[in-house]
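Chemist: One structure coming up, written as structure tokens, with questions to follow.
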Amino acid sequence: MLYIVGTPIGNLKDLSLRAIEVLKGVDLIACEDTRHTKILLDHYLIKTPTTSFFQHNRFTKADYILGLLKEGKDIAVVSDAGTPGILDPGYNLINLAIKNSLEMTFIPGAAAFVNALVLSGKPAHEFYFGGFLVNRTQARKNQLEKLKKFNCTLIFYESCHRILSSLEDIKTVFGDKEIVVARELTKKFEEILRGNPEAVSNKLVKIKPRGEFVIII
Ligand code: SAM
């Protein structure tokens with residue numbers, strides 16, 4: 001059985017009882033970064049062997065994991081934070097399992113965009129999750145112009161390095177619209193900033209943006 005296991009997005013206590021049980025019981029845990037996952041496993045005294053499974057070895061490693069699954073082994077796959085497959089490795093392993101008719105299940109855990117959407121107070125019955133905005137400013141503005149036509153809540157992930165330039169482009173495209181920026185969700189410095197892009201940007205400049213961000217428009 002392949003277990004896709006959702007893990008915390010910051011607060012180690014956000015690991016479900018079922019996830020702990022599965023991580024203790026499987027033969028191997030495929031981790032995005034074994035050192036990172038070790039912190040979580042040590043916290044719960046989980047001694048299961050781990051192997052790395054990340055963006056750059058995902059094809060060769062997926063074949064290895066597939067071989068073990070075919071031998072009848074139980075494997076769990078986790079990412080550094082949150083849900084595997086959501087902008088993290090997992091997608092191609094899931095598809096290999098489907099192609100090979102292997103048994104698979106998902107043990108739900110955190111996904112940063114869900115926390116941010118809930119806390120934003122923005123309509124959640126219809127939303128568009130866009131992952132990371134593109135890197136270059138003109139391309140990003142073009143991307144935002146297209147998405148502006150969607151009549152629903154828009155959600156993006158962003159890093160501390162790009163949050164201010166993305167907000168600048170959001171201001172250009174969306175003007176005065178009230179947005180929400182959620183940072184460090186579930187962590188000690190969790191913060192939800194509301195206001196137009198300029199106001200949110202000004203607040204962030206003051207605190208020198210650090211950490212991980214979700215933008216809701
Ligand atoms: N798999 C993860 C999930 O389920 O949400 C997403 C991984 S993606 C590589 C990392 C991005 O998710 C970060 O750059 C940030 O935008 C967002 N993120 C992850 N943890 C977060 C947190 N605690 N607070 C705010 N955003 C977070």
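Every chain in the structure tokens takes a letter, A first, then B, and so on in the order presented; its residues are numbered from 1, and the ligands are numbered from 1 following the presented order.
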Pick out the residues no farther than 9 Å from ligand 1, counting only C-alpha atoms and all ligand atoms, and list them as a ChimeraX atom specification.
Modeler: /A:6-11,79-89,109-116,131-132,156-160,181-187,190-191,211-215
Chemist: Mind checking which residues fall within 12 Å of Ile98 in chain A, counting only C-alpha atoms, ignoring those fewer than 5 positions away in the same chain, and posting them as a count of residues only?
Modeler: 9
Chemist: Check the DSSP output for the backbone and give back, as a list in words, the residues of range 36-95 of chain A in helix (DSSP H, G or I).
Modeler: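 Put together, the selection reads His36, Thr37, Lys38, Ile39, Leu40, Leu41, Asp42, His43, Gln55, His56, Asn57, Arg58, Phe59, Thr60, Lys61, Ala62, Asp63, Tyr64, Ile65, Leu66, Gly67, Leu68, Leu69, Lys70, Tyr91, Asn92, Leu93, Ile94 and Asn95 of chain A.
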Chemist: Step one, run DSSP on the backbone; step two, keep only residues of range 155-208 of chain A assigned to strand (DSSP E); then write them as a PyMOL selection string.
Modeler: chain A and resi 155-159+179-183+191-195
Chemist: Let's have the selection written as a PDB file, in the first residue's frame, with N, CA and C atoms.
Modeler:
```
ATOM      1  N   ILE A 155      -5.891  32.403  -4.950  1.00  0.00           N
ATOM      2  CA  ILE A 155      -4.929  32.057  -3.882  1.00  0.00           C
ATOM      3  C   ILE A 155      -3.565  31.749  -4.494  1.00  0.00           C
ATOM      4  N   PHE A 156      -2.518  32.320  -3.897  1.00  0.00           N
ATOM      5  CA  PHE A 156      -1.147  32.075  -4.387  1.00  0.00           C
ATOM      6  C   PHE A 156      -0.209  31.829  -3.218  1.00  0.00           C
ATOM      7  N   TYR A 157       0.818  31.005  -3.459  1.00  0.00           N
ATOM      8  CA  TYR A 157       1.907  30.846  -2.508  1.00  0.00           C
ATOM      9  C   TYR A 157       2.986  31.871  -2.865  1.00  0.00           C
ATOM     10  N   GLU A 158       3.722  32.324  -1.861  1.00  0.00           N
ATOM     11  CA  GLU A 158       4.816  33.251  -2.145  1.00  0.00           C
ATOM     12  C   GLU A 158       5.924  33.118  -1.103  1.00  0.00           C
ATOM     13  N   SER A 159       7.135  33.435  -1.537  1.00  0.00           N
ATOM     14  CA  SER A 159       8.286  33.372  -0.632  1.00  0.00           C
ATOM     15  C   SER A 159       8.585  34.770  -0.094  1.00  0.00           C
ATOM     16  N   ILE A 179      -7.106  42.680  -0.067  1.00  0.00           N
ATOM     17  CA  ILE A 179      -6.499  41.346  -0.150  1.00  0.00           C
ATOM     18  C   ILE A 179      -6.127  40.879   1.258  1.00  0.00           C
ATOM     19  N   VAL A 180      -5.703  39.625   1.347  1.00  0.00           N
ATOM     20  CA  VAL A 180      -5.241  39.082   2.631  1.00  0.00           C
ATOM     21  C   VAL A 180      -3.899  38.395   2.389  1.00  0.00           C
ATOM     22  N   VAL A 181      -2.947  38.667   3.265  1.00  0.00           N
ATOM     23  CA  VAL A 181      -1.683  37.929   3.216  1.00  0.00           C
ATOM     24  C   VAL A 181      -1.527  37.202   4.553  1.00  0.00           C
ATOM     25  N   ALA A 182      -1.378  35.875   4.459  1.00  0.00           N
ATOM     26  CA  ALA A 182      -1.225  35.059   5.675  1.00  0.00           C
ATOM     27  C   ALA A 182       0.224  34.602   5.738  1.00  0.00           C
ATOM     28  N   ARG A 183       0.843  34.804   6.879  1.00  0.00           N
ATOM     29  CA  ARG A 183       2.246  34.356   6.991  1.00  0.00           C
ATOM     30  C   ARG A 183       2.454  33.477   8.223  1.00  0.00           C
ATOM     31  N   GLU A 191       0.453  35.344  11.287  1.00  0.00           N
ATOM     32  CA  GLU A 191      -0.091  36.694  11.169  1.00  0.00           C
ATOM     33  C   GLU A 191      -0.966  36.781   9.919  1.00  0.00           C
ATOM     34  N   ILE A 192      -2.112  37.459  10.043  1.00  0.00           N
ATOM     35  CA  ILE A 192      -3.010  37.640   8.911  1.00  0.00           C
ATOM     36  C   ILE A 192      -3.105  39.146   8.663  1.00  0.00           C
ATOM     37  N   LEU A 193      -2.647  39.574   7.486  1.00  0.00           N
ATOM     38  CA  LEU A 193      -2.656  41.010   7.165  1.00  0.00           C
ATOM     39  C   LEU A 193      -3.761  41.274   6.156  1.00  0.00           C
ATOM     40  N   ARG A 194      -4.593  42.279   6.431  1.00  0.00           N
ATOM     41  CA  ARG A 194      -5.699  42.608   5.533  1.00  0.00           C
ATOM     42  C   ARG A 194      -5.585  44.056   5.100  1.00  0.00           C
ATOM     43  N   GLY A 195      -6.059  44.335   3.904  1.00  0.00           N
ATOM     44  CA  GLY A 195      -6.042  45.716   3.423  1.00  0.00           C
ATOM     45  C   GLY A 195      -5.792  45.718   1.927  1.00  0.00           C
TER      46      GLY A 195
END
```
Chemist: Could you jot down the CA of Phe174 in chain A to CA of Phe129 in chain A separation for me, Å, one decimal place?
Modeler: 17.1 Å
Chemist: Go through A:Ile39, A:Leu96, A:Leu167, A:Leu28 and flag the residue nearest Ile75 in chain A, using only C-alpha atoms for the distances.
Modeler: A:Leu28
Chemist: Contacts of Ile29 in chain A at 12 Å or less, counting only C-alpha atoms, minus same-chain residues fewer than 2 places along, as number ranges by chain?
Modeler: A: 2-5, 19-20, 22-27, 31-34, 37-38, 41, 46-53, 65, 68, 73-79
Chemist: Just how far from CA of Leu154 in chain A is CA of Ile217 in chain A, in Å to one decimal?
Modeler: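 Between CA of Ile217 in chain A and CA of Leu154 in chain A the gap is 5.0 Å.
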Chemist: Between CA of Val118 in chain A and CA of Lys141 in chain A, what is the distance in Å, rounded to a tenth?
Modeler: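 About the pair CA of Val118 in chain A and CA of Lys141 in chain A: they are 26.1 Å apart.
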Chemist: Do a neighbour search on Val173 in chain A at 7 Å with only C-alpha atoms, toss out local chain neighbours closer than 3 positions, and write the hits as a list in words.
Modeler: Lys141, Leu144, Glu145, Asp169 and Ile170 of chain A
Chemist: Based on the selection just made, write N, CA, C and O atoms of those residues as an mmCIF file, in the first residue's frame.
Modeler:
```
data_model
loop_
_atom_site.group_PDB
_atom_site.id
_atom_site.type_symbol
_atom_site.label_atom_id
_atom_site.label_comp_id
_atom_site.auth_asym_id
_atom_site.auth_seq_id
_atom_site.Cartn_x
_atom_site.Cartn_y
_atom_site.Cartn_z
ATOM 1 N N LYS A 141 2.435 40.211 -14.222
ATOM 2 C CA LYS A 141 1.307 41.132 -14.455
ATOM 3 C C LYS A 141 0.360 40.536 -15.493
ATOM 4 O O LYS A 141 -0.863 40.597 -15.334
ATOM 5 N N LEU A 144 -1.647 37.835 -13.856
ATOM 6 C CA LEU A 144 -2.684 38.394 -12.967
ATOM 7 C C LEU A 144 -3.832 39.003 -13.780
ATOM 8 O O LEU A 144 -4.994 38.878 -13.393
ATOM 9 N N GLU A 145 -3.493 39.657 -14.891
ATOM 10 C CA GLU A 145 -4.547 40.251 -15.752
ATOM 11 C C GLU A 145 -5.522 39.172 -16.211
ATOM 12 O O GLU A 145 -6.728 39.369 -16.202
ATOM 13 N N ASP A 169 2.925 44.186 -8.091
ATOM 14 C CA ASP A 169 2.226 43.845 -9.341
ATOM 15 C C ASP A 169 0.735 43.632 -9.092
ATOM 16 O O ASP A 169 -0.100 43.962 -9.942
ATOM 17 N N ILE A 170 0.392 43.104 -7.932
ATOM 18 C CA ILE A 170 -1.036 42.920 -7.588
ATOM 19 C C ILE A 170 -1.696 44.291 -7.475
ATOM 20 O O ILE A 170 -2.819 44.506 -7.941
#
```
Chemist: Need to verify the contact set: Gln143 in chain A, 9 Å, only C-alpha atoms, exclusion of same-chain residues closer than 5 positions in sequence. Can you return it as a PDB file with all heavy atoms, in the first residue's frame?
Modeler:
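The new file part_4.pdb reads:
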```pdb
ATOM      1  N   LEU A 133       3.123  32.406  -8.132  1.00  0.00           N
ATOM      2  CA  LEU A 133       3.050  33.318  -9.280  1.00  0.00           C
ATOM      3  C   LEU A 133       4.360  33.207 -10.059  1.00  0.00           C
ATOM      4  O   LEU A 133       5.402  32.862  -9.481  1.00  0.00           O
ATOM      5  CB  LEU A 133       2.867  34.761  -8.792  1.00  0.00           C
ATOM      6  CG  LEU A 133       1.456  35.117  -8.318  1.00  0.00           C
ATOM      7  CD1 LEU A 133       1.481  36.398  -7.504  1.00  0.00           C
ATOM      8  CD2 LEU A 133       0.498  35.254  -9.497  1.00  0.00           C
ATOM      9  N   VAL A 134       4.316  33.545 -11.357  1.00  0.00           N
ATOM     10  CA  VAL A 134       5.563  33.444 -12.124  1.00  0.00           C
ATOM     11  C   VAL A 134       6.560  34.498 -11.635  1.00  0.00           C
ATOM     12  O   VAL A 134       6.193  35.475 -10.973  1.00  0.00           O
ATOM     13  CB  VAL A 134       5.325  33.582 -13.652  1.00  0.00           C
ATOM     14  CG1 VAL A 134       4.500  32.420 -14.167  1.00  0.00           C
ATOM     15  CG2 VAL A 134       4.689  34.907 -13.998  1.00  0.00           C
ATOM     16  N   GLN A 138       6.811  41.389 -15.657  1.00  0.00           N
ATOM     17  CA  GLN A 138       5.852  41.584 -16.754  1.00  0.00           C
ATOM     18  C   GLN A 138       4.992  40.333 -16.951  1.00  0.00           C
ATOM     19  O   GLN A 138       3.769  40.429 -17.113  1.00  0.00           O
ATOM     20  CB  GLN A 138       6.590  41.967 -18.056  1.00  0.00           C
ATOM     21  CG  GLN A 138       5.648  42.460 -19.156  1.00  0.00           C
ATOM     22  CD  GLN A 138       4.700  43.579 -18.681  1.00  0.00           C
ATOM     23  OE1 GLN A 138       5.131  44.579 -18.096  1.00  0.00           O
ATOM     24  NE2 GLN A 138       3.389  43.397 -18.896  1.00  0.00           N
ATOM     25  N   LYS A 148      -7.671  37.940 -13.338  1.00  0.00           N
ATOM     26  CA  LYS A 148      -8.608  38.959 -12.854  1.00  0.00           C
ATOM     27  C   LYS A 148     -10.024  38.694 -13.395  1.00  0.00           C
ATOM     28  O   LYS A 148     -11.022  39.046 -12.772  1.00  0.00           O
ATOM     29  CB  LYS A 148      -8.114  40.334 -13.335  1.00  0.00           C
ATOM     30  CG  LYS A 148      -8.703  41.503 -12.601  1.00  0.00           C
ATOM     31  CD  LYS A 148      -8.087  42.773 -13.138  1.00  0.00           C
ATOM     32  CE  LYS A 148      -8.828  43.986 -12.598  1.00  0.00           C
ATOM     33  NZ  LYS A 148      -8.333  45.209 -13.205  1.00  0.00           N
TER      34      LYS A 148
END
```
